[in-house]
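Notes for the one structure printed next.
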Amino acid sequence: MGNELLKMDGITKVYSNGVLANENVNFTVEKGEIHALVGENGAGKSTLMKVLFGLETPDEGAIYLNGNKVKITSPSDAIGHGIGMVHQHFKLVPSLTVAENIVLGIEPKKGIFIDMNKAVKETEELAKKYNFDINPKAAVGDLSVGKKQKVEILKALFRGAKLLILDEPTAVLTPQETRELFEQLKGLKKNGYTIIFISHKLNEIKEICDRLTIMRSGKTIGTYCTADVSEQDISKLMVGRDVVLKVEKEKVSPKDVVLSVKDLNYVNENNKKVVNNVSFSVRSGEILGIAGIEGSGQREIVEMITGLRDIGEGEVTIDGENINSLSIKGIRNLGVSYIPEDRMTYGVAGNASIEENLISNRYSDKELNGKALFKTNKIKSLTNKLVKDYLIKCKSPSVNVGMLSGGNIQKVVVAREFSTQPKLLIADQPTRGIDVGAIEFIHKKLVSIRDDGCAILLVSADLNEVLELSDSLIVVNNGEIAAYFEDVSKLTEEELGFYMLGVKKQSEDEIRRAVYA
Amino acid sequence: MKTLFNIIFSVNFGYAVLRVTTPILFATLAALISDKAGVINIGLEGIMLSSALAGVIVSAATQSAWIGLLGALIVGTLMGVLLAYFSLDLKADTTLSGIAINLMASGGTIFVLYLVAHDKGISTSLKSMVLPKITIPLIDKIPVVGGILSGHNVLTYISLLSVILMYILLFKTPLGLKIRSVGENPDAASSVGINVKKVKYLALAISGMLAGFGGAYMSMGYVSWFSQNMTAGRGFIALAAEAMGSSSPLASFLAALIFGIADALSNSIQSLRLPPEFVQSIPYIATIIGLIVNSAKADSKKAKAEEEK
């Protein structure tokens, strides 16, 4: 292959917390192609691109551009080598105009002044050349998300980028904006630009990419011509479990409906419909899993149920009571416990002690309060018991939570949330980023409170977890429920992948089965 | 009432407004440039005070008002850099660092004054110099306008000129673009290779220098001596003026002018047999009213923006 533009050879990256994000990854891109980089969350795509753009330094491996070995240690180096990156979170200054944002850092000058006329003119020419419809004098803060993305692309082109990295560019776009972006990307390709397109939307990849490279668990699985592989093939290669952690559990016998979600909708601040007509119920004594690629609406659904986010449209009832107008505390008082996805922000107060964190959901209980002050002895005996029961490794319960390891912090959250005998538990990524011992422990506890009759809604991006723990399962794709499986034990991961990635979708009637009266 | 009317609509009052606005205006511009770079310079009061003393001491020692001014500017700039060092290198809280600078200046200037002038209150034993007043040819011949605009201290004219220079610096030069981007989205700025720390250092140095001008004016123009805590809250009033001017140089100038009018009023109507405590509190009451009006305005703007969504 004579026109090989980029070659990343044997890239290995271990993060300081021990996570092996890239393991001997090989990745090549040819000049003038649109090359998709696909993989599940945590497969290592972002790390690989950060290495390429100089945001991370690899532990091993080399990068070659046009056959020459290059050293990229900062984004400036990358830009100097003609690499541009459009991040998922835009790096723009809202009050500045489009032209000002584009020339920022390399302003055309006239004497000691900025030559603003020239900046505007050059922006206009660049936009015209590649058919970007954009007003150089508009303030960036007033633009739509789609337009802001165009400014980012122009910014990279203005800096001389020949290789563009687009990190999940369509995740924030409406379907119309996506169409427009694709036209422009095709235009750029025609003009000799090379594009790396990170995505998990298989139909988009089939539509505009020439080749694709699949990553899984930090390794490259292979590179294929898009024309030679079907969406099914891609899905099979992308989705898979490497280690199967078995969870022992009895067969379920679900009882009454505890949580009922009806016709839930949510439109986010970018006017994108992120939750679309979602209905399901969770019954006492069952674990209902929600599987899906991250960003498919899970977060919004969970936050609406727990009260962290106002309900857009629809109805949520817990034990027959409508929660639409209840406060977070009001919802918790119905017997709801919640393990949040982001434990450091919503799970614990890092600078407070283990003891304080353990009682933060019940500090106002009569049992813990005297006339004016806390009953410290009661609190001590309660927290000592929880620390013991939940195997929280610490010198004493008065240590700050922030000093513990991730696994132990999560155990503090779990101990607090499980020990109130909840009727409903919402567990959002309950074992993300913690050690295997803690994962097994939390899984066992989840099954045991299920057996005690708790209704559990489990959201997880970890296939192992949803497949092993859930009794029944809904799959979300693009804000909608794509499938409902009453009995998870009959479901294969391959089948699950098809629904997660939008290759398949069940009929309305099949999906409606998720609702119990 | 008639006397009040006579006081306000007199040439003397117009002249006085510009005279008392000068230090507030310098400090307002100082607040503006640091705010644009994303750092709130609470230390303006202390920087002005230190520069005021430095101007007196240096001019007394060299018997040159201009070298005195230079001394005041150097001290002001260095204190701006000191604040930058505290907050950017030592990672101290910017507000607390600014308060520390104010307290240090408040006590430190008295200490130095005592060492140099052997007096804890006032510097009259030093033969310090005063910057010259300037009569503008032609304009000074125009009735009323000439009386208001001509014959001010040279620093008053420099302060007015600084408004325009500040506008040009912020909106027409590469440095200004960098300052604005660093203040608003440091992430975006650093992603295109801008050295965020360096830009903030520069902005605080310029901020300190402008406060230095304000301090020099206090002791070498407004009056001809240094007295303890002579800035009397002008650094804080300037922060309010800058907030009201919502980060535009021209609007900040107008806000500074409003506070100048309040200040001039409190000077002029002391002859009206009103309780002096009330009269002297006018500038500060004006500051509070100004901040309330400003935040109410910001609230309704926000509400409107949300409605539009």
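Each chain in the structure tokens gets a letter, A, B and so on, in the order shown; residues start at 1 in every chain, and ligands are counted from 1 in the order they appear.
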
Please report as a VMD selection string which residues of chain B come no farther than 12 Å from chain A, using only C-alpha atoms. chain B and resid 36 168 to 196 199 247 305 to 306 308 to 309

Sel. of alpha helix (DSSP H) residues, stretch 339-475 of chain A, as a PyMOL selection string: chain A and resi 354-358+376-389+406-418+436-451+463-469

Write out as a compact mmCIF listing (two decimals) with C-alpha atoms, in the first residue's frame each polymer residue whose atoms come within 10 Å of A:Glu315, counting only C-alpha atoms; drop sequence neighbours fewer than 3 positions from it.
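Listing of out20.txt after writing:
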```txt
# COMPACT_ATOMS: atom_id res chain seq x y z
CA SER A 260 -44.14 1.82 36.60
CA VAL A 261 -42.92 4.12 33.83
CA LYS A 262 -45.42 5.26 31.22
CA ASP A 263 -44.74 7.04 27.93
CA LEU A 264 -41.65 8.81 29.20
CA ASN A 265 -40.15 11.43 26.87
CA SER A 279 -42.66 2.44 29.12
CA ILE A 305 -37.01 8.36 38.09
CA ILE A 311 -39.71 14.67 34.01
CA GLY A 312 -40.09 15.88 30.44
CA ASN A 322 -47.17 9.53 41.08
CA ILE A 323 -43.72 11.04 41.62
CA ASN A 324 -43.86 13.78 39.00
```

Give me the residues within 9 Å of B:Arg19 as a VMD selection string, counting only C-alpha atoms and dropping any in the same chain fewer than 3 places off. chain B and resid 14 to 16 22 to 23 152 to 153 156 222 260 264

If you keep N, CA, C and O atoms, can you produce a file of those selected residues as a PDB file, in the first residue's frame?
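Output file part.pdb is given in full below:
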```pdb
ATOM      1  N   GLY B  14     -19.156  70.246  37.728  1.00  0.00           N
ATOM      2  CA  GLY B  14     -18.737  69.461  36.562  1.00  0.00           C
ATOM      3  C   GLY B  14     -17.246  69.167  36.604  1.00  0.00           C
ATOM      4  O   GLY B  14     -16.802  68.043  36.339  1.00  0.00           O
ATOM      5  N   TYR B  15     -16.486  70.162  36.977  1.00  0.00           N
ATOM      6  CA  TYR B  15     -15.042  69.990  37.082  1.00  0.00           C
ATOM      7  C   TYR B  15     -14.730  68.953  38.170  1.00  0.00           C
ATOM      8  O   TYR B  15     -13.906  68.052  37.982  1.00  0.00           O
ATOM      9  N   ALA B  16     -15.455  69.084  39.293  1.00  0.00           N
ATOM     10  CA  ALA B  16     -15.202  68.190  40.429  1.00  0.00           C
ATOM     11  C   ALA B  16     -15.521  66.732  40.068  1.00  0.00           C
ATOM     12  O   ALA B  16     -14.813  65.823  40.491  1.00  0.00           O
ATOM     13  N   THR B  22     -11.491  60.296  38.346  1.00  0.00           N
ATOM     14  CA  THR B  22     -10.204  59.794  37.836  1.00  0.00           C
ATOM     15  C   THR B  22      -9.694  58.535  38.543  1.00  0.00           C
ATOM     16  O   THR B  22      -9.450  57.519  37.881  1.00  0.00           O
ATOM     17  N   PRO B  23      -9.548  58.541  39.899  1.00  0.00           N
ATOM     18  CA  PRO B  23      -9.003  57.317  40.514  1.00  0.00           C
ATOM     19  C   PRO B  23      -9.949  56.122  40.375  1.00  0.00           C
ATOM     20  O   PRO B  23      -9.498  54.986  40.184  1.00  0.00           O
ATOM     21  N   HIS B 152      -7.311  70.199  34.209  1.00  0.00           N
ATOM     22  CA  HIS B 152      -7.215  69.030  35.093  1.00  0.00           C
ATOM     23  C   HIS B 152      -5.786  68.545  35.215  1.00  0.00           C
ATOM     24  O   HIS B 152      -4.913  68.896  34.416  1.00  0.00           O
ATOM     25  N   ASN B 153      -5.599  67.668  36.183  1.00  0.00           N
ATOM     26  CA  ASN B 153      -4.320  67.003  36.331  1.00  0.00           C
ATOM     27  C   ASN B 153      -4.054  66.133  35.098  1.00  0.00           C
ATOM     28  O   ASN B 153      -4.989  65.572  34.509  1.00  0.00           O
ATOM     29  N   THR B 156      -5.786  62.798  34.856  1.00  0.00           N
ATOM     30  CA  THR B 156      -7.209  62.761  34.492  1.00  0.00           C
ATOM     31  C   THR B 156      -7.354  62.531  32.990  1.00  0.00           C
ATOM     32  O   THR B 156      -8.163  61.723  32.542  1.00  0.00           O
ATOM     33  N   TYR B 222      -4.791  64.542  43.288  1.00  0.00           N
ATOM     34  CA  TYR B 222      -6.013  64.813  44.042  1.00  0.00           C
ATOM     35  C   TYR B 222      -5.657  65.652  45.263  1.00  0.00           C
ATOM     36  O   TYR B 222      -6.250  66.682  45.522  1.00  0.00           O
ATOM     37  N   GLY B 260     -18.492  58.625  40.418  1.00  0.00           N
ATOM     38  CA  GLY B 260     -17.790  59.900  40.559  1.00  0.00           C
ATOM     39  C   GLY B 260     -18.767  61.010  40.924  1.00  0.00           C
ATOM     40  O   GLY B 260     -18.478  61.849  41.789  1.00  0.00           O
ATOM     41  N   ALA B 264     -18.610  63.301  44.130  1.00  0.00           N
ATOM     42  CA  ALA B 264     -18.524  64.752  44.031  1.00  0.00           C
ATOM     43  C   ALA B 264     -19.669  65.393  44.813  1.00  0.00           C
ATOM     44  O   ALA B 264     -19.492  66.408  45.490  1.00  0.00           O
TER      45      ALA B 264
END
```

Of the candidates A:Asn26, A:Ser396, A:Ser144, A:Asn277, which shows the shortest atom-to-atom distance to A:Lys7, using only C-alpha atoms?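 Residue with the minimum atom-to-atom distance to A:Lys7: A:Asn26.
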
Nearest-residue call for A:Ala455, choices A:Gly18, A:Gly192, A:Pro254, A:Gly370, using only C-alpha atoms: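 For A:Ala455, the nearest of the given residues is A:Pro254.
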
All residues 10 Å or closer to A:Asp342, only C-alpha atoms, same chain fewer than 2 positions away omitted, as a ChimeraX atom specification: /A:339-340,344-348,428-430,432

Between atom CA of A:Ala291 and atom CA of A:Ser460, what distance in Å does the model show, to one decimal? 6.1 Å

Using only C-alpha atoms, the shortest atom-to-atom distance to B:Met244 among B:Thr62, B:Thr287, B:Ser268, B:Ser224 belongs to B:Thr287

For A:Val229: contacts at 10 Å, only C-alpha atoms, fewer than 6 positions along chain excluded, given as a PyMOL selection string: chain A and resi 206+211-212

If we count only C-alpha atoms, what is near A:Ser470 at a cut-off of 8 Å, once residues fewer than 6 positions away on the same chain are taken out, given as a short mmCIF file (atom, residue, chain, number, x, y, z; two decimals) with C-alpha atoms, in the first residue's frame?
```
data_model
loop_
_atom_site.label_atom_id
_atom_site.label_comp_id
_atom_site.auth_asym_id
_atom_site.auth_seq_id
_atom_site.Cartn_x
_atom_site.Cartn_y
_atom_site.Cartn_z
CA GLU A 286 -36.96 -9.11 40.11
CA ILE A 287 -33.95 -7.44 38.60
CA LEU A 288 -34.80 -5.61 35.40
CA GLY A 289 -31.70 -4.73 33.45
CA LEU A 458 -30.09 -2.21 36.94
CA VAL A 488 -32.45 -13.29 30.10
#
```
